[in-house]
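Peer 1: My structure is stored as my_file_20.pdb, with PDB, C-alpha atoms.
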```pdb
ATOM      1  CA  MET A 932      86.375 122.431  25.686
ATOM      2  CA  PRO A 933      86.028 126.194  25.601
ATOM      3  CA  ALA A 934      83.488 126.470  22.784
ATOM      4  CA  ASN A 935      84.962 129.720  21.520
ATOM      5  CA  LEU A 936      88.426 128.386  20.658
ATOM      6  CA  PRO A 937      87.483 127.186  17.155
ATOM      7  CA  ASP A 938      85.502 130.416  16.829
ATOM      8  CA  LEU A 939      88.642 132.372  17.729
ATOM      9  CA  SER A 940      90.675 130.487  15.129
ATOM     10  CA  ARG A 941      87.979 131.305  12.586
ATOM     11  CA  ALA A 942      88.017 134.972  13.530
ATOM     12  CA  LEU A 943      91.791 135.030  13.175
ATOM     13  CA  ASN A 944      91.460 133.380   9.750
ATOM     14  CA  LEU A 945      93.834 130.590  10.807
ATOM     15  CA  THR A 946      92.450 128.002   8.446
ATOM     16  CA  PHE A 947      91.962 127.256   4.781
ATOM     17  CA  GLY A 948      89.842 124.647   3.039
ATOM     18  CA  PRO A 949      90.527 122.110   0.286
ATOM     19  CA  CYS A 950      92.212 124.759  -1.884
ATOM     20  CA  PRO A 951      95.168 126.293   0.012
ATOM     21  CA  ILE A 952      95.674 130.027   0.228
ATOM     22  CA  MET A 953      97.499 131.833  -2.579
ATOM     23  CA  GLY A 954     101.196 131.078  -2.626
ATOM     24  CA  ARG A 955     100.810 127.668  -1.012
ATOM     25  CA  ALA A 956     101.204 124.461  -2.996
ATOM     26  CA  ARG A 957      98.084 122.411  -3.613
ATOM     27  CA  HIS A 958      98.257 119.226  -1.551
ATOM     28  CA  ARG A 959      96.754 115.765  -1.871
ATOM     29  CA  TYR A 960      94.052 115.952   0.810
ATOM     30  CA  LYS A 961      90.793 117.039  -0.790
ATOM     31  CA  MET A 962      88.592 117.580   2.260
ATOM     32  CA  PRO A 963      88.586 120.879   4.198
ATOM     33  CA  MET A 964      91.414 121.171   6.676
ATOM     34  CA  PRO A 965      90.279 121.287  10.314
ATOM     35  CA  ARG A 966      90.393 124.422  12.417
ATOM     36  CA  ALA A 967      91.961 122.496  15.295
ATOM     37  CA  PHE A 968      93.338 119.163  16.469
ATOM     38  CA  ALA A 969      92.432 117.680  19.855
ATOM     39  CA  MET A 970      95.173 115.302  20.988
ATOM     40  CA  THR A 971      94.334 112.633  23.538
ATOM     41  CA  ASP A 972      96.556 111.938  26.526
ATOM     42  CA  PRO A 973      95.806 109.630  29.488
ATOM     43  CA  ALA A 974      96.990 112.251  31.987
ATOM     44  CA  LYS A 975      95.192 115.233  30.460
ATOM     45  CA  SER A 976      92.296 114.061  28.306
ATOM     46  CA  GLY A 977      90.145 112.802  31.142
ATOM     47  CA  ASP A 978      86.946 111.117  30.007
ATOM     48  CA  LEU A 979      87.400 110.385  26.295
ATOM     49  CA  GLU A 980      83.701 109.821  25.752
ATOM     50  CA  ARG A 981      82.934 113.238  27.189
ATOM     51  CA  LEU A 982      85.742 114.809  25.153
ATOM     52  CA  VAL A 983      84.356 113.471  21.879
ATOM     53  CA  GLU A 984      80.861 114.633  22.769
ATOM     54  CA  THR A 985      82.074 118.205  23.245
ATOM     55  CA  LEU A 986      83.847 118.437  19.890
ATOM     56  CA  LYS A 987      82.481 119.887  16.681
ATOM     57  CA  SER A 988      83.161 118.474  13.219
ATOM     58  CA  GLU A 989      85.710 121.231  12.527
ATOM     59  CA  VAL A 990      88.017 119.681  15.161
ATOM     60  CA  VAL A 991      89.932 116.485  14.338
ATOM     61  CA  ILE A 992      90.938 114.059  17.099
ATOM     62  CA  ILE A 993      94.442 112.616  17.235
ATOM     63  CA  PHE A 994      94.218 109.433  19.292
ATOM     64  CA  ARG A 995      97.492 108.882  21.143
ATOM     65  CA  HIS A 996      97.308 106.898  24.437
ATOM     66  CA  TYR A 997     100.535 105.174  23.399
ATOM     67  CA  ASP A 998     101.145 103.177  26.567
ATOM     68  CA  ASP A 999      97.572 102.193  27.355
ATOM     69  CA  PRO A1000      97.407  98.371  27.608
ATOM     70  CA  TYR A1001      93.928  98.518  26.077
ATOM     71  CA  ARG A1002      94.880 100.969  23.349
ATOM     72  CA  GLY A1003      93.315  98.939  20.538
ATOM     73  CA  SER A1004      89.892  98.497  22.094
ATOM     74  CA  LEU A1005      89.864 102.056  23.410
ATOM     75  CA  ALA A1006      90.724 103.390  19.955
ATOM     76  CA  ARG A1007      87.951 101.292  18.407
ATOM     77  CA  ASP A1008      85.365 102.769  20.766
ATOM     78  CA  VAL A1009      86.590 106.331  20.227
ATOM     79  CA  VAL A1010      86.575 105.921  16.429
ATOM     80  CA  ARG A1011      82.992 104.663  16.494
ATOM     81  CA  GLN A1012      81.837 107.476  18.753
ATOM     82  CA  ALA A1013      83.653 110.113  16.706
ATOM     83  CA  HIS A1014      82.134 108.895  13.453
ATOM     84  CA  ARG A1015      78.650 108.932  14.952
ATOM     85  CA  LYS A1016      79.242 112.651  15.515
ATOM     86  CA  SER A1017      80.813 113.204  12.081
ATOM     87  CA  VAL A1018      84.130 114.001  13.764
ATOM     88  CA  ARG A1019      87.298 112.852  11.998
ATOM     89  CA  ILE A1020      89.884 110.908  13.990
ATOM     90  CA  LEU A1021      93.519 110.035  13.327
ATOM     91  CA  ILE A1022      95.494 107.235  14.972
ATOM     92  CA  ALA A1023      98.950 108.263  16.136
ATOM     93  CA  ASP A1024     101.928 106.244  14.880
ATOM     94  CA  ASP A1025      99.988 103.163  13.763
ATOM     95  CA  PRO A1026      98.775 103.051  10.128
ATOM     96  CA  ALA A1027      97.781  99.389  10.515
ATOM     97  CA  MET A1028      95.472 100.177  13.438
ATOM     98  CA  ALA A1029      94.039 103.170  11.585
ATOM     99  CA  LEU A1030      93.223 100.947   8.603
ATOM    100  CA  ARG A1031      91.768  98.190  10.739
ATOM    101  CA  LEU A1032      89.491 100.543  12.673
ATOM    102  CA  GLY A1033      88.404 102.659   9.719
ATOM    103  CA  ALA A1034      89.990 105.837  11.082
ATOM    104  CA  ASP A1035      90.374 108.946   8.938
ATOM    105  CA  GLY A1036      94.154 108.970   8.822
ATOM    106  CA  VAL A1037      97.349 108.910  10.851
ATOM    107  CA  HIS A1038      99.544 111.255  12.855
ATOM    108  CA  LEU A1039     103.258 110.512  12.718
ATOM    109  CA  PRO A1040     105.931 111.457  15.272
ATOM    110  CA  GLY A1041     108.661 113.615  13.794
ATOM    111  CA  TYR A1042     111.278 110.867  13.930
ATOM    112  CA  ARG A1043     109.191 108.739  11.543
ATOM    113  CA  LEU A1044     110.011 111.191   8.780
ATOM    114  CA  ARG A1045     113.598 109.941   8.777
ATOM    115  CA  SER A1046     112.274 106.966   6.829
ATOM    116  CA  MET A1047     109.671 107.220   4.114
ATOM    117  CA  ALA A1048     108.269 103.778   4.976
ATOM    118  CA  ALA A1049     105.684 105.015   7.489
ATOM    119  CA  VAL A1050     104.630 107.896   5.253
ATOM    120  CA  GLY A1051     104.475 105.555   2.277
ATOM    121  CA  ARG A1052     102.139 103.170   4.093
ATOM    122  CA  ALA A1053      99.872 106.041   5.064
ATOM    123  CA  ARG A1054      99.795 107.456   1.543
ATOM    124  CA  LEU A1055      98.385 104.175   0.223
ATOM    125  CA  ARG A1056      95.047 105.578   1.365
ATOM    126  CA  PRO A1057      94.381 108.699  -0.737
ATOM    127  CA  ASP A1058      91.384 109.619   1.434
ATOM    128  CA  TRP A1059      93.445 109.745   4.631
ATOM    129  CA  LEU A1060      94.557 112.897   6.394
ATOM    130  CA  ILE A1061      98.259 112.543   7.246
ATOM    131  CA  THR A1062      99.782 114.819   9.851
ATOM    132  CA  CYS A1063     103.093 114.829  11.688
ATOM    133  CA  ALA A1064     104.815 116.432  14.632
ATOM    134  CA  ALA A1065     107.576 118.984  14.090
ATOM    135  CA  HIS A1066     109.721 120.902  16.551
ATOM    136  CA  GLY A1067     111.941 123.006  14.347
ATOM    137  CA  ALA A1068     113.143 123.850  10.859
ATOM    138  CA  GLN A1069     114.603 120.431  10.017
ATOM    139  CA  GLU A1070     111.509 118.419  10.925
ATOM    140  CA  LEU A1071     109.243 120.949   9.252
ATOM    141  CA  ALA A1072     111.271 120.719   6.037
ATOM    142  CA  ALA A1073     111.208 116.919   6.296
ATOM    143  CA  ALA A1074     107.426 117.049   6.650
ATOM    144  CA  GLU A1075     107.149 119.070   3.460
ATOM    145  CA  ARG A1076     109.451 116.695   1.560
ATOM    146  CA  ALA A1077     107.469 113.695   2.796
ATOM    147  CA  GLY A1078     104.266 115.161   1.429
ATOM    148  CA  VAL A1079     102.236 115.083   4.623
ATOM    149  CA  ASP A1080      99.042 117.109   4.656
ATOM    150  CA  ALA A1081      99.868 119.185   7.738
ATOM    151  CA  ALA A1082     102.453 119.585  10.469
ATOM    152  CA  LEU A1083     101.856 120.369  14.139
ATOM    153  CA  LEU A1084     104.711 122.678  15.140
ATOM    154  CA  SER A1085     105.577 122.932  18.823
ATOM    155  CA  PRO A1086     106.077 124.265  21.366
ATOM    156  CA  VAL A1087     104.928 127.686  20.243
ATOM    157  CA  PHE A1088     104.464 129.100  23.745
ATOM    158  CA  GLU A1089     105.604 127.988  27.181
ATOM    159  CA  ALA A1090     103.758 124.851  28.215
ATOM    160  CA  ILE A1091     104.106 121.998  30.668
ATOM    161  CA  SER A1092     105.379 119.074  28.646
ATOM    162  CA  GLN A1093     107.200 115.805  29.159
ATOM    163  CA  ILE A1094     109.611 116.939  26.437
ATOM    164  CA  GLU A1095     111.585 119.970  27.522
ATOM    165  CA  ARG A1096     112.114 122.296  24.586
ATOM    166  CA  PRO A1097     112.325 126.075  24.561
ATOM    167  CA  ALA A1098     109.244 127.825  23.265
ATOM    168  CA  LEU A1099     109.547 129.088  19.706
ATOM    169  CA  GLY A1100     107.620 132.285  20.340
ATOM    170  CA  THR A1101     105.495 134.088  17.790
ATOM    171  CA  LEU A1102     108.322 135.500  15.668
ATOM    172  CA  LYS A1103     110.216 132.210  15.265
ATOM    173  CA  PHE A1104     106.994 130.294  14.680
ATOM    174  CA  THR A1105     106.011 132.751  11.933
ATOM    175  CA  GLU A1106     109.447 132.509  10.333
ATOM    176  CA  LEU A1107     109.298 128.707  10.227
ATOM    177  CA  VAL A1108     105.759 128.623   8.863
ATOM    178  CA  ARG A1109     106.731 130.903   5.984
ATOM    179  CA  ARG A1110     109.562 128.583   4.952
ATOM    180  CA  VAL A1111     107.245 125.736   3.927
ATOM    181  CA  ASN A1112     104.297 125.206   1.628
ATOM    182  CA  ILE A1113     102.211 122.925   3.831
ATOM    183  CA  PRO A1114      99.577 123.766   6.456
ATOM    184  CA  VAL A1115     101.136 124.297   9.890
ATOM    185  CA  TYR A1116      99.200 124.154  13.177
ATOM    186  CA  ALA A1117     100.328 125.829  16.377
ATOM    187  CA  LEU A1118     100.799 123.450  19.318
ATOM    188  CA  GLY A1119     102.038 124.145  22.828
ATOM    189  CA  GLY A1120     100.812 126.709  25.306
ATOM    190  CA  ILE A1121      97.783 127.625  23.192
ATOM    191  CA  SER A1122      95.049 129.340  25.207
ATOM    192  CA  GLN A1123      92.352 131.941  24.773
ATOM    193  CA  ASP A1124      95.018 134.539  25.565
ATOM    194  CA  THR A1125      97.984 133.298  23.542
ATOM    195  CA  ILE A1126      95.978 132.479  20.423
ATOM    196  CA  MET A1127      95.598 136.194  19.800
ATOM    197  CA  ARG A1128      99.372 136.394  19.336
ATOM    198  CA  LEU A1129      99.087 134.122  16.285
ATOM    199  CA  ARG A1130      97.350 136.733  14.170
ATOM    200  CA  GLY A1131      99.277 137.105  10.929
ATOM    201  CA  SER A1132     101.590 134.183  11.746
ATOM    202  CA  GLY A1133     100.420 132.042   8.844
ATOM    203  CA  ALA A1134      99.155 129.296  11.133
ATOM    204  CA  THR A1135      96.401 127.187   9.631
ATOM    205  CA  GLY A1136      94.900 126.452  13.039
ATOM    206  CA  ILE A1137      95.623 125.287  16.553
ATOM    207  CA  ALA A1138      96.238 122.018  18.379
ATOM    208  CA  GLY A1139      96.321 121.002  22.003
ATOM    209  CA  ILE A1140      95.636 118.438  24.692
ATOM    210  CA  GLY A1141      94.300 120.025  27.864
ATOM    211  CA  LEU A1142      93.070 122.894  25.706
ATOM    212  CA  PHE A1143      89.978 120.900  24.722
ATOM    213  CA  ASN A1144      89.144 119.478  28.111
ATOM    214  CA  SER A1145      88.033 122.516  30.080
ATOM    215  CA  PRO A1146      84.343 122.770  30.813
ATOM    216  CA  GLY A1147      82.350 125.361  28.925
TER     217      GLY A1147
END
```
So, in terms of structure tokens, how does the structure I just supplied come out?
Peer 2:
Amino acid sequence: MPANLPDLSRALNLTFGPCPIMGRARHRYKMPMPRAFAMTDPAKSGDLERLVETLKSEVVIIFRHYDDPYRGSLARDVVRQAHRKSVRILIADDPAMALRLGADGVHLPGYRLRSMAAVGRARLRPDWLITCAAHGAQELAAAERAGVDAALLSPVFEAISQIERPALGTLKFTELVRRVNIPVYALGGISQDTIMRLRGSGATGIAGIGLFNSPG
């Protein structure tokens, strides 16, 4: 990954620790929030072992690989490697797998927020970090009501994605972030150039897939 991306998010003051910034509600997760999330994807993540080795502890991995026939064993190996490096890792959309493998929490697709069952299962572990995907005002509000620890709001900028949605842009992203009292991370089209446009947006940090797989 470009080593200066977390450094850029730090310079832009896009993160806060266990005590949220003034005006934000205190939330259940007691550990420092990450500066960034690295999301795995079979088509874009490349060598997962290499990816984990490049990450610093301030970046949290979201293990996706939804359709991989060996998802369970692959997740087990990635969790072990991440923990050896003191890197936190969340399992996407599978609280049972996260519990079984000793992961650090779960990441929920936005549609899961329509039912509190998935969130309720995740909240049984008070030490877990619980994040969710959001793509607009309704899902972001649902994330706040559900009591998740952070939402990944996308797409902020134009990006190649399997899900075709118009980019929010900086102004809309900022407006949505200011409507809620939970940490919000910018996802979609984040690069060393576009991250500078997030200054003053209220973003807690950044998230991406290919973003963390470039050499350097």
Peer 1: Can you tell me which residues surround Pro1026 of chain A at a distance of at most 12 Å, considering all atoms listed in the file, apart from same-chain residues fewer than 4 positions away, and format the answer as JSON, numbers by chain?
Peer 2: {"A": [1021, 1022, 1030, 1031, 1032, 1033, 1034, 1035, 1036, 1037, 1038, 1039, 1043, 1048, 1049, 1050, 1051, 1052, 1053, 1054, 1055, 1056, 1059, 1060, 1061, 1062]}
Peer 1: With C-alpha atoms kept, could you save the residues just selected as an mmCIF file, keeping the file's coordinate frame?
Peer 2:
```
data_model
loop_
_atom_site.group_PDB
_atom_site.id
_atom_site.type_symbol
_atom_site.label_atom_id
_atom_site.label_comp_id
_atom_site.auth_asym_id
_atom_site.auth_seq_id
_atom_site.Cartn_x
_atom_site.Cartn_y
_atom_site.Cartn_z
ATOM 1 C CA LEU A 1021 93.519 110.035 13.327
ATOM 2 C CA ILE A 1022 95.494 107.235 14.972
ATOM 3 C CA LEU A 1030 93.223 100.947 8.603
ATOM 4 C CA ARG A 1031 91.768 98.190 10.739
ATOM 5 C CA LEU A 1032 89.491 100.543 12.673
ATOM 6 C CA GLY A 1033 88.404 102.659 9.719
ATOM 7 C CA ALA A 1034 89.990 105.837 11.082
ATOM 8 C CA ASP A 1035 90.374 108.946 8.938
ATOM 9 C CA GLY A 1036 94.154 108.970 8.822
ATOM 10 C CA VAL A 1037 97.349 108.910 10.851
ATOM 11 C CA HIS A 1038 99.544 111.255 12.855
ATOM 12 C CA LEU A 1039 103.258 110.512 12.718
ATOM 13 C CA ARG A 1043 109.191 108.739 11.543
ATOM 14 C CA ALA A 1048 108.269 103.778 4.976
ATOM 15 C CA ALA A 1049 105.684 105.015 7.489
ATOM 16 C CA VAL A 1050 104.630 107.896 5.253
ATOM 17 C CA GLY A 1051 104.475 105.555 2.277
ATOM 18 C CA ARG A 1052 102.139 103.170 4.093
ATOM 19 C CA ALA A 1053 99.872 106.041 5.064
ATOM 20 C CA ARG A 1054 99.795 107.456 1.543
ATOM 21 C CA LEU A 1055 98.385 104.175 0.223
ATOM 22 C CA ARG A 1056 95.047 105.578 1.365
ATOM 23 C CA TRP A 1059 93.445 109.745 4.631
ATOM 24 C CA LEU A 1060 94.557 112.897 6.394
ATOM 25 C CA ILE A 1061 98.259 112.543 7.246
ATOM 26 C CA THR A 1062 99.782 114.819 9.851
#
```
Peer 1: Considering only C-alpha atoms, return as a list in words whatever protein or nucleic-acid residues lie within 6 Å of segment 1126-1141 of chain A, sequence-local ones (same chain, fewer than 2 positions apart) excluded.
Peer 2: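 Surrounding residues, per the criterion: Leu943, Leu945, Thr946, Arg966, Ala967, Phe968, Ala969, Met970, Lys975, Thr1105, Pro1114, Val1115, Tyr1116, Ala1117, Leu1118, Ile1121, Ser1122, Gln1123, Asp1124, Phe1143 and Asn1144 of chain A.
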Peer 1: At what distance in Å, to one decimal, does atom CA of Gln1012 of chain A lie from atom CA of Glu980 of chain A?
Peer 2: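 Separating atom CA of Glu980 of chain A from atom CA of Gln1012 of chain A is a distance of 7.6 Å.
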Peer 1: In file coordinates, which residues lie within 12 Å of (99.8, 100.6, 23.0) using all atoms listed in the file, given as number ranges by chain?
Peer 2: A: 973, 994-1006, 1022-1025, 1028
Peer 1: Report the distance between atom CA of Ile992 of chain A and atom CA of Phe1104 of chain A in Å, rounded to one decimal place.
Peer 2: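 According to the coordinates, atom CA of Ile992 of chain A and atom CA of Phe1104 of chain A are separated by 23.0 Å.
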Peer 1: Find the residues around Gly1041 of chain A up to 7 Å (all atoms listed in the file counted), leave out those fewer than 5 positions away in its own chain, and share them as a ChimeraX atom specification.
Peer 2: /A:1063-1065,1070
Peer 1: Quick one, how far is atom CA of Ile1020 of chain A from atom CA of Arg1109 of chain A?
Peer 2: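 It comes out at 27.3 Å.
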Peer 1: Pick from A:Ala1068, A:Ala1013, A:Val1087, A:Val990: nearest to Leu1102 of chain A, with all atoms listed in the file counted?
Peer 2: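 Result for the nearest residue to Leu1102 of chain A: A:Val1087.
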Peer 1: From the options A:Ser1046, A:Thr1125, A:Thr1101, A:Ser1017, which residue's atoms come nearest to Leu1142 of chain A, counting all atoms listed in the file?
Peer 2: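 When distances to Leu1142 of chain A are compared using all atoms listed in the file, the smallest one comes from A:Thr1125.
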